[in-house]
file final06.pdb (PDB, C-alpha atoms, pLDDT in the B column)
ATOM      1  CA  MET Q   1     126.486  95.995 162.331  1.00 62.00           C
ATOM      2  CA  PRO Q   2     129.362  94.097 163.866  1.00 75.00           C
ATOM      3  CA  HIS Q   3     128.835  94.551 167.563  1.00 90.00           C
ATOM      4  CA  VAL Q   4     130.765  92.876 170.328  1.00 97.00           C
ATOM      5  CA  VAL Q   5     129.280  92.849 173.795  1.00 97.00           C
ATOM      6  CA  VAL Q   6     131.490  91.819 176.677  1.00 98.00           C
ATOM      7  CA  LEU Q   7     129.822  90.801 179.930  1.00 98.00           C
ATOM      8  CA  TYR Q   8     132.143  90.137 182.842  1.00 98.00           C
ATOM      9  CA  THR Q   9     132.234  89.630 186.584  1.00 96.00           C
ATOM     10  CA  GLY Q  10     132.735  93.001 188.231  1.00 95.00           C
ATOM     11  CA  ASN Q  11     135.754  91.755 190.189  1.00 94.00           C
ATOM     12  CA  LEU Q  12     137.765  92.003 186.958  1.00 96.00           C
ATOM     13  CA  ASP Q  13     137.696  95.804 187.065  1.00 95.00           C
ATOM     14  CA  GLN Q  14     140.368  95.676 189.778  1.00 93.00           C
ATOM     15  CA  ARG Q  15     142.599  93.308 187.796  1.00 94.00           C
ATOM     16  CA  SER Q  16     142.247  94.169 184.132  1.00 96.00           C
ATOM     17  CA  ASP Q  17     142.062  97.202 181.846  1.00 98.00           C
ATOM     18  CA  MET Q  18     138.741  96.493 180.185  1.00 98.00           C
ATOM     19  CA  THR Q  19     138.964  99.601 177.986  1.00 98.00           C
ATOM     20  CA  ALA Q  20     142.188  98.205 176.564  1.00 98.00           C
ATOM     21  CA  LEU Q  21     140.420  94.879 175.951  1.00 98.00           C
ATOM     22  CA  CYS Q  22     137.662  96.700 174.044  1.00 98.00           C
ATOM     23  CA  ARG Q  23     140.208  98.485 171.850  1.00 98.00           C
ATOM     24  CA  SER Q  24     142.103  95.240 171.201  1.00 98.00           C
ATOM     25  CA  LEU Q  25     138.896  93.402 170.270  1.00 98.00           C
ATOM     26  CA  ALA Q  26     137.851  96.215 167.908  1.00 98.00           C
ATOM     27  CA  ASP Q  27     141.294  96.277 166.290  1.00 98.00           C
ATOM     28  CA  THR Q  28     141.151  92.493 165.931  1.00 98.00           C
ATOM     29  CA  MET Q  29     137.770  92.704 164.193  1.00 97.00           C
ATOM     30  CA  LEU Q  30     139.276  95.071 161.647  1.00 96.00           C
ATOM     31  CA  THR Q  31     141.869  92.450 160.690  1.00 96.00           C
ATOM     32  CA  VAL Q  32     139.292  89.833 159.658  1.00 96.00           C
ATOM     33  CA  HIS Q  33     139.117  89.403 155.891  1.00 96.00           C
ATOM     34  CA  ALA Q  34     136.787  87.484 153.591  1.00 95.00           C
ATOM     35  CA  GLU Q  35     137.961  84.930 151.075  1.00 94.00           C
ATOM     36  CA  ASP Q  36     138.289  87.658 148.435  1.00 95.00           C
ATOM     37  CA  GLY Q  37     140.576  89.693 150.724  1.00 95.00           C
ATOM     38  CA  SER Q  38     138.012  92.357 151.585  1.00 95.00           C
ATOM     39  CA  GLN Q  39     137.628  93.623 155.136  1.00 95.00           C
ATOM     40  CA  VAL Q  40     134.673  91.795 156.705  1.00 94.00           C
ATOM     41  CA  PHE Q  41     133.635  94.358 159.292  1.00 93.00           C
ATOM     42  CA  PRO Q  42     133.279  98.003 158.252  1.00 92.00           C
ATOM     43  CA  THR Q  43     135.526 100.261 160.299  1.00 93.00           C
ATOM     44  CA  GLY Q  44     132.774 102.783 161.006  1.00 90.00           C
ATOM     45  CA  GLY Q  45     130.365 100.095 162.136  1.00 90.00           C
ATOM     46  CA  THR Q  46     132.680  98.218 164.477  1.00 94.00           C
ATOM     47  CA  ARG Q  47     131.692  98.609 168.107  1.00 95.00           C
ATOM     48  CA  VAL Q  48     132.788  96.898 171.307  1.00 98.00           C
ATOM     49  CA  LEU Q  49     130.961  97.535 174.560  1.00 98.00           C
ATOM     50  CA  ALA Q  50     131.829  96.000 177.941  1.00 98.00           C
ATOM     51  CA  TYR Q  51     129.549  95.716 180.958  1.00 98.00           C
ATOM     52  CA  PRO Q  52     130.589  94.568 184.421  1.00 98.00           C
ATOM     53  CA  ALA Q  53     128.136  92.481 186.406  1.00 96.00           C
ATOM     54  CA  PRO Q  54     128.068  93.825 189.954  1.00 94.00           C
ATOM     55  CA  HIS Q  55     126.114  90.757 191.052  1.00 93.00           C
ATOM     56  CA  TYR Q  56     127.198  87.298 189.925  1.00 91.00           C
ATOM     57  CA  ALA Q  57     127.649  83.678 190.944  1.00 89.00           C
ATOM     58  CA  VAL Q  58     130.390  81.602 189.316  1.00 88.00           C
ATOM     59  CA  ALA Q  59     130.720  77.840 189.818  1.00 86.00           C
ATOM     60  CA  ASP Q  60     130.826  76.881 193.516  1.00 85.00           C
ATOM     61  CA  GLY Q  61     131.433  80.415 194.749  1.00 82.00           C
ATOM     62  CA  GLY Q  62     135.138  79.891 195.234  1.00 78.00           C
ATOM     63  CA  ALA Q  63     135.223  76.833 197.490  1.00 79.00           C
ATOM     64  CA  ALA Q  64     137.336  74.722 195.117  1.00 79.00           C
ATOM     65  CA  GLY Q  65     139.645  77.658 194.462  1.00 76.00           C
ATOM     66  CA  LYS Q  66     140.222  78.129 198.174  1.00 78.00           C
ATOM     67  CA  ALA Q  67     140.795  74.397 198.624  1.00 79.00           C
ATOM     68  CA  ALA Q  68     143.421  74.580 195.863  1.00 78.00           C
ATOM     69  CA  GLY Q  69     145.275  77.310 197.726  1.00 74.00           C
ATOM     70  CA  GLY Q  70     143.788  80.354 196.014  1.00 71.00           C
ATOM     71  CA  ASP Q  71     141.549  83.105 197.320  1.00 74.00           C
ATOM     72  CA  GLY Q  72     138.471  81.634 195.637  1.00 74.00           C
ATOM     73  CA  ASP Q  73     137.890  84.836 193.688  1.00 83.00           C
ATOM     74  CA  TYR Q  74     136.602  83.467 190.375  1.00 89.00           C
ATOM     75  CA  HIS Q  75     136.357  85.567 187.198  1.00 94.00           C
ATOM     76  CA  PHE Q  76     134.267  85.101 184.086  1.00 94.00           C
ATOM     77  CA  VAL Q  77     134.133  86.881 180.723  1.00 96.00           C
ATOM     78  CA  TYR Q  78     131.499  86.355 178.034  1.00 96.00           C
ATOM     79  CA  ILE Q  79     132.206  87.866 174.607  1.00 96.00           C
ATOM     80  CA  ASN Q  80     129.451  87.882 172.010  1.00 95.00           C
ATOM     81  CA  LEU Q  81     129.969  88.972 168.398  1.00 95.00           C
ATOM     82  CA  ARG Q  82     126.711  89.723 166.620  1.00 92.00           C
ATOM     83  CA  MET Q  83     126.936  90.171 162.859  1.00 89.00           C
ATOM     84  CA  GLY Q  84     124.544  90.498 159.962  1.00 84.00           C
ATOM     85  CA  LYS Q  85     123.905  87.448 157.820  1.00 85.00           C
ATOM     86  CA  GLY Q  86     125.755  86.673 154.646  1.00 86.00           C
ATOM     87  CA  ARG Q  87     129.250  85.762 155.801  1.00 90.00           C
ATOM     88  CA  SER Q  88     130.675  82.317 155.148  1.00 93.00           C
ATOM     89  CA  ASP Q  89     131.128  79.766 157.918  1.00 94.00           C
ATOM     90  CA  ALA Q  90     134.886  80.109 157.436  1.00 95.00           C
ATOM     91  CA  VAL Q  91     134.698  83.865 158.075  1.00 95.00           C
ATOM     92  CA  LYS Q  92     132.540  83.359 161.181  1.00 94.00           C
ATOM     93  CA  THR Q  93     135.052  80.844 162.528  1.00 95.00           C
ATOM     94  CA  GLN Q  94     137.972  83.123 161.654  1.00 96.00           C
ATOM     95  CA  ALA Q  95     136.326  86.010 163.514  1.00 96.00           C
ATOM     96  CA  GLY Q  96     135.581  83.879 166.571  1.00 96.00           C
ATOM     97  CA  ASP Q  97     139.083  82.400 166.648  1.00 96.00           C
ATOM     98  CA  ALA Q  98     140.624  85.866 166.313  1.00 97.00           C
ATOM     99  CA  LEU Q  99     138.524  87.303 169.151  1.00 97.00           C
ATOM    100  CA  LEU Q 100     139.284  84.325 171.392  1.00 96.00           C
ATOM    101  CA  ALA Q 101     143.028  84.642 170.712  1.00 97.00           C
ATOM    102  CA  CYS Q 102     142.853  88.372 171.443  1.00 98.00           C
ATOM    103  CA  ALA Q 103     141.029  87.827 174.740  1.00 97.00           C
ATOM    104  CA  LYS Q 104     143.361  85.000 175.776  1.00 97.00           C
ATOM    105  CA  ALA Q 105     146.353  87.262 175.131  1.00 98.00           C
ATOM    106  CA  HIS Q 106     144.762  90.104 177.106  1.00 98.00           C
ATOM    107  CA  PHE Q 107     143.980  87.855 180.071  1.00 96.00           C
ATOM    108  CA  ALA Q 108     147.093  85.631 179.837  1.00 97.00           C
ATOM    109  CA  THR Q 109     148.437  86.519 183.278  1.00 95.00           C
ATOM    110  CA  LEU Q 110     145.050  86.208 184.945  1.00 93.00           C
ATOM    111  CA  LEU Q 111     144.387  82.869 183.249  1.00 93.00           C
ATOM    112  CA  ASP Q 112     147.731  81.611 184.573  1.00 92.00           C
ATOM    113  CA  GLU Q 113     147.402  83.004 188.092  1.00 89.00           C
ATOM    114  CA  ARG Q 114     143.683  82.906 188.890  1.00 88.00           C
ATOM    115  CA  HIS Q 115     140.586  80.837 188.259  1.00 89.00           C
ATOM    116  CA  MET Q 116     138.816  82.307 185.261  1.00 92.00           C
ATOM    117  CA  GLY Q 117     136.402  81.276 182.544  1.00 94.00           C
ATOM    118  CA  LEU Q 118     136.319  82.827 179.074  1.00 95.00           C
ATOM    119  CA  THR Q 119     133.636  82.249 176.440  1.00 95.00           C
ATOM    120  CA  VAL Q 120     133.371  83.685 172.923  1.00 95.00           C
ATOM    121  CA  GLN Q 121     130.230  83.197 170.859  1.00 95.00           C
ATOM    122  CA  VAL Q 122     129.443  84.411 167.352  1.00 94.00           C
ATOM    123  CA  ASP Q 123     125.800  85.013 166.458  1.00 91.00           C
ATOM    124  CA  GLU Q 124     124.274  85.847 163.115  1.00 88.00           C
ATOM    125  CA  SER Q 125     121.236  88.067 162.807  1.00 81.00           C
ATOM    126  CA  PRO Q 126     119.203  86.390 160.052  1.00 70.00           C
ATOM    127  CA  GLY Q 127     115.673  87.171 161.201  1.00 69.00           C
ATOM    128  CA  GLN Q 128     115.785  90.841 162.001  1.00 66.00           C
ATOM    129  CA  VAL Q 129     112.397  92.452 161.935  1.00 63.00           C
ATOM    130  CA  TYR Q 130     113.775  95.959 161.996  1.00 65.00           C
ATOM    131  CA  ASP Q 131     117.323  97.267 161.594  1.00 65.00           C
ATOM    132  CA  GLY Q 132     117.220 101.051 161.705  1.00 70.00           C
ATOM    133  CA  LYS Q 133     120.553 102.837 161.566  1.00 69.00           C
ATOM    134  CA  HIS Q 134     121.878 106.353 161.480  1.00 68.00           C
ATOM    135  CA  SER Q 135     125.564 107.174 161.776  1.00 71.00           C
ATOM    136  CA  SER Q 136     127.910 110.024 161.058  1.00 67.00           C
ATOM    137  CA  LEU Q 137     130.867 107.640 161.568  1.00 70.00           C
ATOM    138  CA  HIS Q 138     130.734 105.712 158.290  1.00 66.00           C
ATOM    139  CA  PRO Q 139     131.608 108.676 156.039  1.00 71.00           C
ATOM    140  CA  LEU Q 140     134.915 109.020 157.873  1.00 69.00           C
ATOM    141  CA  PHE Q 141     136.058 105.648 156.513  1.00 74.00           C
ATOM    142  CA  ARG Q 142     134.830 105.758 152.920  1.00 73.00           C
TER     143      ARG Q 142
END

call {"tool": "encode", "arguments": {"input": "final06.pdb", "output": "structure tokens"}}
result
Amino acid sequence: MPHVVVLYTGNLDQRSDMTALCRSLADTMLTVHAEDGSQVFPTGGTRVLAYPAPHYAVADGGAAGKAAGGDGDYHFVYINLRMGKGRSDAVKTQAGDALLACAKAHFATLLDERHMGLTVQVDESPGQVYDGKHSSLHPLFR
């Protein structure tokens, strides 16, 4: 079930290859290992989906950015990893740190040149009422 959902201000589509970010985040997830050395996230179940927000409001709308000499065009990216329960706190932290490092590397130039916020959160799904699945992907990786 490891799903990553990326929500971002639509103005990033002009400045960043979000498909490349998705691939990098997925590849990063596949490098996370448990204490026993096993891969934490199954290859066939790893998914990263990104959605631009066409309508958004960030901070003061750009006033401070303009006052600082910029164009006031703020950017924001929210990355949420949702995983099933059962992983250790160390593994959850490792996964979050890895995703944050990946995103920071992807957006390094933008973070240096523009005003941008980046958040990564890891959620566990302990109280699922229903978790129906069907996939023809998993057999490819067994």

call {"tool": "closest_residue", "arguments": {"input": "final06.pdb", "among": "Q:Pro126, Q:Gly65, Q:Gly44, Q:Gly37", "to": "Arg82 in chain Q", "atoms": "only C-alpha atoms"}}
result
Q:Pro126

call {"tool": "atom_distance", "arguments": {"input": "final06.pdb", "atom1": "CA of Asn80 in chain Q", "atom2": "CA of Ala63 in chain Q"}}
result
28.4 Å

call {"tool": "residues_around", "arguments": {"input": "final06.pdb", "residues": "Val6 in chain Q", "least_positions_apart": "5", "cutoff": "10 Å", "atoms": "all atoms listed in the file", "output": "ChimeraX atom specification"}}
result
/Q:18,21-22,25,48-52,77-81,119-120

call {"tool": "residues_around", "arguments": {"input": "final06.pdb", "residues": "Gly86 in chain Q", "least_positions_apart": "3", "cutoff": "12 Å", "atoms": "all atoms listed in the file", "output": "number ranges by chain"}}
result
Q: 34, 40-41, 83, 89-92, 123-126

call {"tool": "residues_around", "arguments": {"input": "final06.pdb", "residues": "Leu12 in chain Q", "least_positions_apart": "5", "cutoff": "12 Å", "atoms": "all atoms listed in the file", "output": "list in words"}}
result
Leu7, Asp17, Met18, Thr19, Leu21, Ala50, Tyr51, Pro52, Ala53, Pro54, Tyr56, Asp73, Tyr74, His75, Phe76, Val77, Phe107, Leu110, Leu111, Arg114, His115, Met116 and Gly117 of chain Q

call {"tool": "atom_distance", "arguments": {"input": "final06.pdb", "atom1": "CA of Leu100 in chain Q", "atom2": "CA of Leu30 in chain Q"}}
result
14.5 Å

call {"tool": "atom_distance", "arguments": {"input": "final06.pdb", "atom1": "CA of Ser88 in chain Q", "atom2": "CA of His3 in chain Q"}}
result
17.5 Å

call {"tool": "closest_residue", "arguments": {"input": "final06.pdb", "among": "Q:Gly45, Q:Asp60, Q:Arg15, Q:Thr93", "to": "Ser135 in chain Q", "atoms": "all atoms listed in the file"}}
result
Q:Gly45

call {"tool": "closest_residue", "arguments": {"input": "final06.pdb", "among": "Q:Val58, Q:Val122, Q:Ala26, Q:Ala101", "to": "Gly10 in chain Q", "atoms": "all atoms listed in the file"}}
result
Q:Val58

call {"tool": "resolve_selection", "arguments": {"input": "final06.pdb", "expression": "the PyMOL selection byres ((chain Q and resi 31) around 9)", "output": "list in words"}}
result
Asp27, Thr28, Met29, Leu30, Val32, His33, Gln39, Val40, Phe41, Ala95 and Ala98 of chain Q

call {"tool": "axis_aligned_box", "arguments": {"input": "final06.pdb", "around": "range 47-64 of chain Q", "padding_each_side": "8 Å", "output": "AutoDock Vina command-line options"}}
result
--center_x 131.7 --center_y 86.7 --center_z 182.8 --size_x 27.2 --size_y 39.9 --size_z 45.4
